[in-house]
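Q: Below is the file protein.tsv, with TSV, C-alpha atoms.
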```tsv
chain	number	residue	atom	x	y	z
A	1	MET	CA	-61.56	5.17	30.18
A	2	THR	CA	-59.91	7.26	27.46
A	3	TRP	CA	-61.22	10.72	26.55
A	4	ALA	CA	-62.69	9.39	23.30
A	5	ASP	CA	-64.62	6.62	25.06
A	6	ARG	CA	-65.74	8.68	28.02
A	7	ILE	CA	-66.42	12.08	26.46
A	8	GLY	CA	-65.77	12.22	22.73
A	9	ARG	CA	-68.36	9.60	21.80
A	10	ARG	CA	-70.84	10.17	24.60
A	11	LEU	CA	-71.07	13.93	25.31
A	12	LYS	CA	-72.95	15.60	22.48
A	13	LEU	CA	-73.41	19.26	21.62
A	14	ARG	CA	-77.15	18.73	21.98
A	15	ASP	CA	-76.67	17.59	25.58
A	16	LEU	CA	-74.46	20.58	26.33
A	17	HIS	CA	-77.03	22.95	24.84
A	18	LEU	CA	-79.71	21.26	26.92
A	19	LEU	CA	-77.69	21.74	30.12
A	20	MET	CA	-77.13	25.43	29.30
A	21	THR	CA	-80.86	25.90	28.71
A	22	VAL	CA	-81.76	24.25	32.03
A	23	VAL	CA	-79.33	26.52	33.87
A	24	GLN	CA	-80.64	29.58	32.05
A	25	CYS	CA	-84.30	28.70	32.76
A	26	GLY	CA	-83.68	27.44	36.29
A	27	SER	CA	-86.14	24.61	35.71
A	28	MET	CA	-86.25	21.38	33.72
A	29	ALA	CA	-89.91	21.94	32.89
A	30	LYS	CA	-89.22	25.42	31.51
A	31	ALA	CA	-86.19	24.14	29.60
A	32	ALA	CA	-88.27	21.33	28.11
A	33	ALA	CA	-90.89	23.84	26.96
A	34	GLU	CA	-88.18	26.10	25.55
A	35	LEU	CA	-86.64	23.23	23.57
A	36	SER	CA	-89.98	21.58	22.64
A	37	VAL	CA	-89.04	18.26	24.21
A	38	SER	CA	-90.51	16.28	27.10
A	39	GLN	CA	-89.40	16.86	30.68
A	40	PRO	CA	-88.43	13.20	31.17
A	41	ALA	CA	-86.16	13.49	28.12
A	42	VAL	CA	-84.44	16.51	29.68
A	43	SER	CA	-84.06	14.76	33.04
A	44	LYS	CA	-82.62	11.63	31.42
A	45	ALA	CA	-80.14	13.63	29.31
A	46	ILE	CA	-78.85	15.46	32.40
A	47	ALA	CA	-78.59	12.20	34.36
A	48	ASP	CA	-76.68	10.58	31.48
A	49	MET	CA	-74.24	13.53	31.37
A	50	GLU	CA	-73.63	13.31	35.11
A	51	HIS	CA	-73.04	9.56	34.82
A	52	THR	CA	-70.64	10.04	31.90
A	53	LEU	CA	-68.65	12.71	33.70
A	54	GLY	CA	-68.92	11.13	37.13
A	55	LEU	CA	-69.88	14.52	38.58
A	56	ARG	CA	-73.04	16.19	39.79
A	57	LEU	CA	-73.86	19.11	37.49
A	58	LEU	CA	-77.09	20.42	39.03
A	59	ASP	CA	-78.45	20.95	42.51
A	60	ARG	CA	-82.18	20.43	42.75
A	61	GLY	CA	-84.04	22.26	45.53
A	62	ARG	CA	-87.38	23.80	46.40
A	63	SER	CA	-86.37	27.12	44.88
A	64	GLY	CA	-85.46	25.50	41.57
A	65	ILE	CA	-82.36	24.18	39.87
A	66	ALA	CA	-78.91	25.74	40.16
A	67	PRO	CA	-75.60	24.59	38.68
A	68	THR	CA	-72.95	23.09	40.92
A	69	THR	CA	-69.37	24.28	40.65
A	70	TYR	CA	-68.84	21.57	38.02
A	71	GLY	CA	-71.99	22.61	36.17
A	72	GLN	CA	-70.92	26.26	36.16
A	73	ALA	CA	-67.53	25.33	34.70
A	74	LEU	CA	-69.11	23.23	31.94
A	75	VAL	CA	-71.68	25.92	31.08
A	76	LYS	CA	-68.92	28.54	30.90
A	77	ARG	CA	-66.98	26.41	28.43
A	78	GLY	CA	-70.19	25.64	26.57
A	79	LEU	CA	-70.76	29.34	25.91
A	80	ILE	CA	-67.32	29.53	24.32
A	81	ILE	CA	-67.89	26.37	22.25
A	82	PHE	CA	-71.20	27.57	20.82
A	83	ASP	CA	-69.85	31.06	20.22
A	84	GLU	CA	-66.95	29.63	18.21
A	85	LEU	CA	-69.40	27.51	16.22
A	86	LYS	CA	-71.45	30.61	15.43
A	87	GLN	CA	-68.28	32.39	14.35
A	88	GLY	CA	-67.42	29.39	12.16
A	89	VAL	CA	-70.83	29.49	10.48
A	90	LYS	CA	-70.41	33.23	9.89
A	91	GLU	CA	-67.03	32.59	8.29
A	92	LEU	CA	-68.48	29.93	5.99
A	93	GLU	CA	-71.28	32.31	4.99
A	94	PHE	CA	-68.74	35.04	4.27
A	95	LEU	CA	-66.55	32.68	2.23
A	96	ALA	CA	-69.58	31.57	0.24
A	97	ASP	CA	-70.67	35.18	-0.34
A	98	PRO	CA	-68.28	37.94	0.83
A	99	SER	CA	-70.98	40.57	0.29
A	100	VAL	CA	-73.11	39.43	3.26
A	101	GLY	CA	-72.65	38.99	6.98
A	102	SER	CA	-73.25	40.72	10.30
A	103	LEU	CA	-71.18	42.41	12.98
A	104	ARG	CA	-72.03	43.52	16.51
A	105	ILE	CA	-70.06	46.57	17.61
A	106	GLY	CA	-69.85	48.16	21.04
A	107	SER	CA	-69.00	51.86	20.98
A	108	THR	CA	-68.38	54.43	23.66
A	109	GLU	CA	-70.37	57.66	23.37
A	110	SER	CA	-67.34	59.72	22.31
A	111	ALA	CA	-66.49	57.32	19.49
A	112	ALA	CA	-70.12	57.23	18.32
A	113	ALA	CA	-70.26	61.03	18.22
A	114	GLY	CA	-66.81	61.37	16.66
A	115	MET	CA	-65.02	59.04	14.31
A	116	LEU	CA	-67.43	56.08	14.17
A	117	PRO	CA	-69.96	57.60	11.72
A	118	ALA	CA	-67.18	58.17	9.15
A	119	ILE	CA	-65.98	54.59	9.60
A	120	VAL	CA	-69.46	53.08	9.38
A	121	GLU	CA	-70.33	55.17	6.32
A	122	ARG	CA	-67.28	53.93	4.43
A	123	PHE	CA	-67.67	50.34	5.60
A	124	CYS	CA	-71.34	50.20	4.56
A	125	ARG	CA	-70.51	51.75	1.19
A	126	GLU	CA	-67.88	49.07	0.56
A	127	ASN	CA	-69.90	46.22	2.15
A	128	PRO	CA	-73.58	46.98	1.41
A	129	GLY	CA	-74.75	43.47	2.30
A	130	VAL	CA	-73.29	43.44	5.82
A	131	GLN	CA	-75.60	44.24	8.73
A	132	LEU	CA	-74.09	46.28	11.55
A	133	ASP	CA	-75.55	46.30	15.06
A	134	VAL	CA	-74.02	49.15	17.06
A	135	ALA	CA	-74.64	49.26	20.81
A	136	GLN	CA	-73.54	51.98	23.22
A	137	THR	CA	-71.23	50.75	25.97
A	138	VAL	CA	-69.95	52.46	29.08
A	139	ILE	CA	-66.48	51.68	30.40
A	140	SER	CA	-66.97	51.93	34.16
A	141	THR	CA	-67.03	49.40	36.98
A	142	LEU	CA	-68.44	46.76	34.59
A	143	HIS	CA	-65.39	46.77	32.32
A	144	TYR	CA	-66.05	45.04	28.99
A	145	ARG	CA	-69.00	42.98	30.22
A	146	GLU	CA	-70.56	42.85	26.75
A	147	LEU	CA	-67.35	41.48	25.23
A	148	ARG	CA	-66.97	38.83	27.90
A	149	GLU	CA	-70.60	37.81	27.52
A	150	ARG	CA	-70.00	37.68	23.74
A	151	SER	CA	-72.96	39.91	23.00
A	152	ILE	CA	-70.68	42.10	20.86
A	153	ASP	CA	-67.81	41.14	18.55
A	154	LEU	CA	-65.57	44.11	19.26
A	155	LEU	CA	-65.53	47.38	21.17
A	156	ILE	CA	-64.22	50.68	19.90
A	157	GLY	CA	-63.58	53.65	22.15
A	158	ARG	CA	-61.29	55.19	24.71
A	159	ILE	CA	-59.52	52.65	26.88
A	160	PRO	CA	-57.79	53.00	30.25
A	161	MET	CA	-54.04	52.81	30.49
A	162	PRO	CA	-52.28	50.70	31.49
A	163	PHE	CA	-54.51	48.06	29.95
A	164	THR	CA	-54.57	45.20	32.46
A	165	GLU	CA	-57.30	42.87	31.17
A	166	ASP	CA	-55.58	39.49	30.73
A	167	ASP	CA	-58.36	37.95	28.64
A	168	LEU	CA	-58.73	40.88	26.23
A	169	GLU	CA	-56.67	42.31	23.38
A	170	ALA	CA	-56.47	46.09	22.88
A	171	GLU	CA	-55.12	47.67	19.70
A	172	ILE	CA	-54.59	51.42	20.10
A	173	VAL	CA	-55.56	53.27	16.91
A	174	TYR	CA	-54.95	56.90	17.92
A	175	ASP	CA	-54.62	59.29	20.84
A	176	ASP	CA	-57.68	61.48	21.40
A	177	ARG	CA	-56.46	64.48	23.38
A	178	ALA	CA	-58.91	66.58	25.34
A	179	VAL	CA	-59.74	70.20	24.46
A	180	VAL	CA	-61.76	72.92	26.19
A	181	VAL	CA	-64.72	74.01	24.09
A	182	ALA	CA	-67.15	76.92	24.18
A	183	GLY	CA	-69.76	78.37	21.84
A	184	ARG	CA	-68.38	80.60	19.08
A	185	GLN	CA	-70.54	83.52	20.23
A	186	SER	CA	-69.77	83.05	23.92
A	187	LYS	CA	-67.75	85.51	25.99
A	188	TRP	CA	-65.03	82.90	26.43
A	189	ALA	CA	-64.52	82.56	22.67
A	190	ARG	CA	-63.29	86.18	22.55
A	191	SER	CA	-60.78	85.74	25.38
A	192	ARG	CA	-57.05	85.36	24.86
A	193	GLY	CA	-54.37	83.79	27.01
A	194	LEU	CA	-56.79	81.71	29.05
A	195	LYS	CA	-55.75	79.22	31.69
A	196	LEU	CA	-57.82	76.39	33.09
A	197	ALA	CA	-58.08	78.17	36.45
A	198	ASP	CA	-59.60	81.24	34.72
A	199	LEU	CA	-62.73	79.19	34.01
A	200	SER	CA	-63.24	77.91	37.55
A	201	GLY	CA	-66.36	80.09	37.92
A	202	ALA	CA	-67.85	79.10	34.57
A	203	PRO	CA	-70.69	76.56	34.33
A	204	TRP	CA	-69.09	73.35	33.05
A	205	ILE	CA	-70.55	70.24	31.48
A	206	LEU	CA	-68.46	67.21	32.47
A	207	PRO	CA	-68.84	63.41	32.41
A	208	PRO	CA	-70.00	61.71	35.63
A	209	PRO	CA	-66.99	61.24	37.95
A	210	ASP	CA	-67.56	57.46	38.32
A	211	THR	CA	-66.89	56.85	34.62
A	212	LEU	CA	-63.58	56.62	32.75
A	213	PRO	CA	-64.05	60.03	31.00
A	214	GLY	CA	-65.09	61.59	34.33
A	215	GLY	CA	-62.05	60.21	36.12
A	216	LEU	CA	-59.79	61.57	33.39
A	217	ALA	CA	-61.40	65.01	33.75
A	218	VAL	CA	-60.76	65.03	37.51
A	219	GLU	CA	-57.14	64.06	36.91
A	220	LEU	CA	-56.73	66.77	34.27
A	221	PHE	CA	-57.95	69.56	36.57
A	222	ARG	CA	-55.73	68.29	39.38
A	223	GLU	CA	-52.64	68.19	37.17
A	224	GLY	CA	-53.53	71.60	35.74
A	225	GLY	CA	-53.48	73.10	39.23
A	226	ALA	CA	-57.16	74.05	39.07
A	227	GLU	CA	-60.01	73.19	41.41
A	228	MET	CA	-62.89	71.15	40.09
A	229	PRO	CA	-65.36	73.68	38.65
A	230	ARG	CA	-69.08	74.04	39.18
A	231	THR	CA	-70.86	71.44	37.07
A	232	PRO	CA	-74.58	72.10	36.77
A	233	ILE	CA	-74.77	69.31	34.20
A	234	THR	CA	-72.99	65.94	34.10
A	235	THR	CA	-73.60	63.65	31.15
A	236	LEU	CA	-71.95	61.08	28.91
A	237	SER	CA	-74.00	62.25	25.94
A	238	MET	CA	-71.69	64.02	23.51
A	239	HIS	CA	-74.65	65.16	21.41
A	240	LEU	CA	-76.34	66.82	24.39
A	241	CYS	CA	-73.07	68.37	25.51
A	242	CYS	CA	-72.30	69.86	22.07
A	243	LYS	CA	-75.81	71.27	21.69
A	244	LEU	CA	-75.71	72.94	25.10
A	245	VAL	CA	-72.18	74.33	24.67
A	246	ALA	CA	-73.25	75.80	21.30
A	247	THR	CA	-75.76	78.02	23.15
A	248	GLY	CA	-72.85	79.97	24.63
A	249	ARG	CA	-73.89	79.32	28.25
A	250	PHE	CA	-71.50	76.47	29.08
A	251	VAL	CA	-67.93	75.27	28.61
A	252	ALA	CA	-66.89	71.65	28.38
A	253	LEU	CA	-64.02	69.21	27.98
A	254	LEU	CA	-64.40	67.22	24.78
A	255	PRO	CA	-62.25	64.70	22.90
A	256	SER	CA	-60.67	66.46	19.92
A	257	SER	CA	-62.16	63.82	17.59
A	258	ILE	CA	-65.65	65.21	18.31
A	259	LEU	CA	-64.64	68.48	16.65
A	260	ARG	CA	-62.65	66.74	13.96
A	261	PHE	CA	-65.31	64.29	12.84
A	262	GLY	CA	-68.66	64.95	14.42
A	263	SER	CA	-69.51	68.57	15.17
A	264	ARG	CA	-68.07	70.73	12.41
A	265	HIS	CA	-71.55	72.03	11.68
A	266	LEU	CA	-72.05	73.24	15.27
A	267	PRO	CA	-70.92	76.75	16.33
A	268	LEU	CA	-68.18	75.50	18.68
A	269	LYS	CA	-64.69	76.85	19.29
A	270	VAL	CA	-61.67	75.24	20.89
A	271	LEU	CA	-60.39	77.65	23.54
A	272	PRO	CA	-56.63	78.42	23.58
A	273	ILE	CA	-56.01	76.65	26.88
A	274	LYS	CA	-52.92	74.54	27.26
A	275	LEU	CA	-53.88	71.38	29.12
A	276	PRO	CA	-51.53	68.98	30.91
A	277	ALA	CA	-50.27	66.24	28.61
A	278	GLN	CA	-52.35	63.12	28.98
A	279	ALA	CA	-52.44	59.86	27.07
A	280	ARG	CA	-56.04	59.33	25.99
A	281	PRO	CA	-55.81	56.28	23.73
A	282	VAL	CA	-58.71	55.10	21.63
A	283	GLY	CA	-58.55	51.46	20.68
A	284	ILE	CA	-60.28	48.38	19.39
A	285	VAL	CA	-60.82	45.77	22.11
A	286	THR	CA	-61.51	42.10	21.37
A	287	LEU	CA	-61.49	38.82	23.29
A	288	LYS	CA	-57.96	37.46	23.24
A	289	ASN	CA	-58.77	33.83	22.46
A	290	ARG	CA	-61.79	34.39	20.25
A	291	THR	CA	-61.52	33.88	16.50
A	292	LEU	CA	-62.44	37.09	14.67
A	293	SER	CA	-64.82	36.71	11.76
A	294	PRO	CA	-63.79	37.96	8.30
A	295	VAL	CA	-66.38	40.73	8.65
A	296	ALA	CA	-64.79	41.88	11.93
A	297	MET	CA	-61.34	41.91	10.33
A	298	ALA	CA	-62.71	43.89	7.36
A	299	PHE	CA	-64.21	46.43	9.75
A	300	ILE	CA	-60.93	46.81	11.67
A	301	ALA	CA	-59.12	47.38	8.37
A	302	CYS	CA	-61.68	50.07	7.54
A	303	VAL	CA	-60.97	51.80	10.88
A	304	HIS	CA	-57.29	52.09	9.96
A	305	GLN	CA	-58.09	53.34	6.45
A	306	VAL	CA	-60.38	56.11	7.68
A	307	LEU	CA	-57.93	57.26	10.35
A	308	ARG	CA	-55.00	57.25	7.92
A	309	ARG	CA	-57.01	59.40	5.51
A	310	ALA	CA	-58.05	61.76	8.30
A	311	SER	CA	-54.44	62.21	9.46
A	312	LYS	CA	-53.44	63.35	5.98
A	313	ALA	CA	-56.33	65.81	5.64
```
Can the structure from this file be put into structure tokens for me?
A:
Amino acid sequence: MTWADRIGRRLKLRDLHLLMTVVQCGSMAKAAAELSVSQPAVSKAIADMEHTLGLRLLDRGRSGIAPTTYGQALVKRGLIIFDELKQGVKELEFLADPSVGSLRIGSTESAAAGMLPAIVERFCRENPGVQLDVAQTVISTLHYRELRERSIDLLIGRIPMPFTEDDLEAEIVYDDRAVVVAGRQSKWARSRGLKLADLSGAPWILPPPDTLPGGLAVELFREGGAEMPRTPITTLSMHLCCKLVATGRFVALLPSSILRFGSRHLPLKVLPIKLPAQARPVGIVTLKNRTLSPVAMAFIACVHQVLRRASKA
């Protein structure tokens, strides 16, 4: 049988959606209730799909229903198909009315506390009808899970180098070097000719070591010939870190963009410590084979505009 006879005319999007719902619910009865159809209708649709494909898609046992290897493969492709359809509908909506739309953004904490507010403010001013959903993401052992699950459209934040994710595209937008920061009224702010090792006895606030920022901090101290300092507080929260450093009791490593964009109103001072050169790229990460919506492309253009303007300031 040709593809058109076997699949093209017989496998429908509705059937694929039904299979995905059964797998998600783990039960035909629950899937039927979810889709407001009868259980026999669900069972027949699955049986028809298996007959059409000549493969068993589901294993039925006492503990419920689970996809076979073939079922898993089809569900995985189904997620991509329905995601592309959603993207297509978004594009049609945007073409019909460029003033509306939605975009789901993943942002690391440093980007959210630094450059992202300036980008979002400009984007919303230029696109008042677009709804933005910004979620905090952590780049750790679960690299880019939200992107791969298609729960966000793009991610913006610091990325590891070299970038080795074959299914993702990373566009570096600038290099966010690290600086040592203390409160303006602290004893360290009045010091001159400081080295990293001179602050080994100071109370530091650093990112957790099992995160990308934490790993970079460990590497920086090692390359700077200094032992890892005492860290009474570890956190990924840039807002908490800035507030605590402003008290004058702590020192911290911060991305320079935090001072440039996000914390000018706080009494913080960059200490005159020369740090080892390190590439700390910030980029926009997207799925390589996923069609970007016009809203996503407009947002990426806005990122470049804001950063170009900031570089000239």
Q: Find the spatial neighbours of segment 222-228 of chain A, counting only C-alpha atoms, within a cut-off of 12 Å - ignore same-chain residues fewer than 3 positions away - and output them as a ChimeraX atom specification.
A: /A:195-206,209,214-219,231,273-278
Q: Give the answer as one residue: which of A:Arg56, A:His51, A:Arg192, A:Arg148 has the shortest atom-to-atom distance to Arg10 of chain A, using only C-alpha atoms?
A: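 Smallest distance to Arg10 of chain A is found for A:His51.
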Q: Would you mind reading off the distance between atom CA of Ser256 of chain A and atom CA of Arg125 of chain A, one decimal, in Å?
A: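 Between these atoms lies a distance of 25.8 Å.
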Q: Would you work out the distance separating atom CA of Arg177 of chain A from atom CA of Cys241 of chain A, expressed in Å to one decimal?
A: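 So the two atoms, atom CA of Arg177 of chain A and atom CA of Cys241 of chain A, lie 17.2 Å apart.
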Q: Which of these residues is nearest to Leu287 of chain A, using all atoms listed in the file: A:Arg184, A:Lys243, A:Arg150, A:Arg158?
A: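 When distances to Leu287 of chain A are compared using all atoms listed in the file, the smallest one comes from A:Arg150.
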Q: Which of these residues is nearest to Gly248 of chain A, using all atoms listed in the file: A:Pro281, A:Gly183, A:Gly193, A:Pro294?
A: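 So, comparing all the options, the nearest one is A:Gly183.
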Q: For segment 115-122 of chain A, work out the shell of residues within 6 Å, counting all atoms listed in the file and skipping chain neighbours fewer than 2 positions away, then give it as a PDB file with C-alpha atoms, in the coordinates of the input.
A:
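Final output, result_33.pdb:
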```pdb
ATOM      1  CA  ALA A 111     -66.490  57.320  19.490  1.00  0.00           C
ATOM      2  CA  ALA A 112     -70.120  57.230  18.320  1.00  0.00           C
ATOM      3  CA  CYS A 124     -71.340  50.200   4.560  1.00  0.00           C
ATOM      4  CA  ARG A 125     -70.510  51.750   1.190  1.00  0.00           C
ATOM      5  CA  PHE A 261     -65.310  64.290  12.840  1.00  0.00           C
ATOM      6  CA  VAL A 303     -60.970  51.800  10.880  1.00  0.00           C
TER       7      VAL A 303
END
```
Q: What does the distance from atom CA of Pro208 of chain A to atom CA of Leu236 of chain A come to in Å, to one decimal?
A: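 Between atom CA of Pro208 of chain A and atom CA of Leu236 of chain A the gap works out to 7.0 Å.
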Q: Ranking A:Ala279, A:Cys302, A:Leu19, A:Leu55 by minimum distance to Ile159 of chain A and counting all atoms listed in the file, which one comes first?
A: A:Ala279
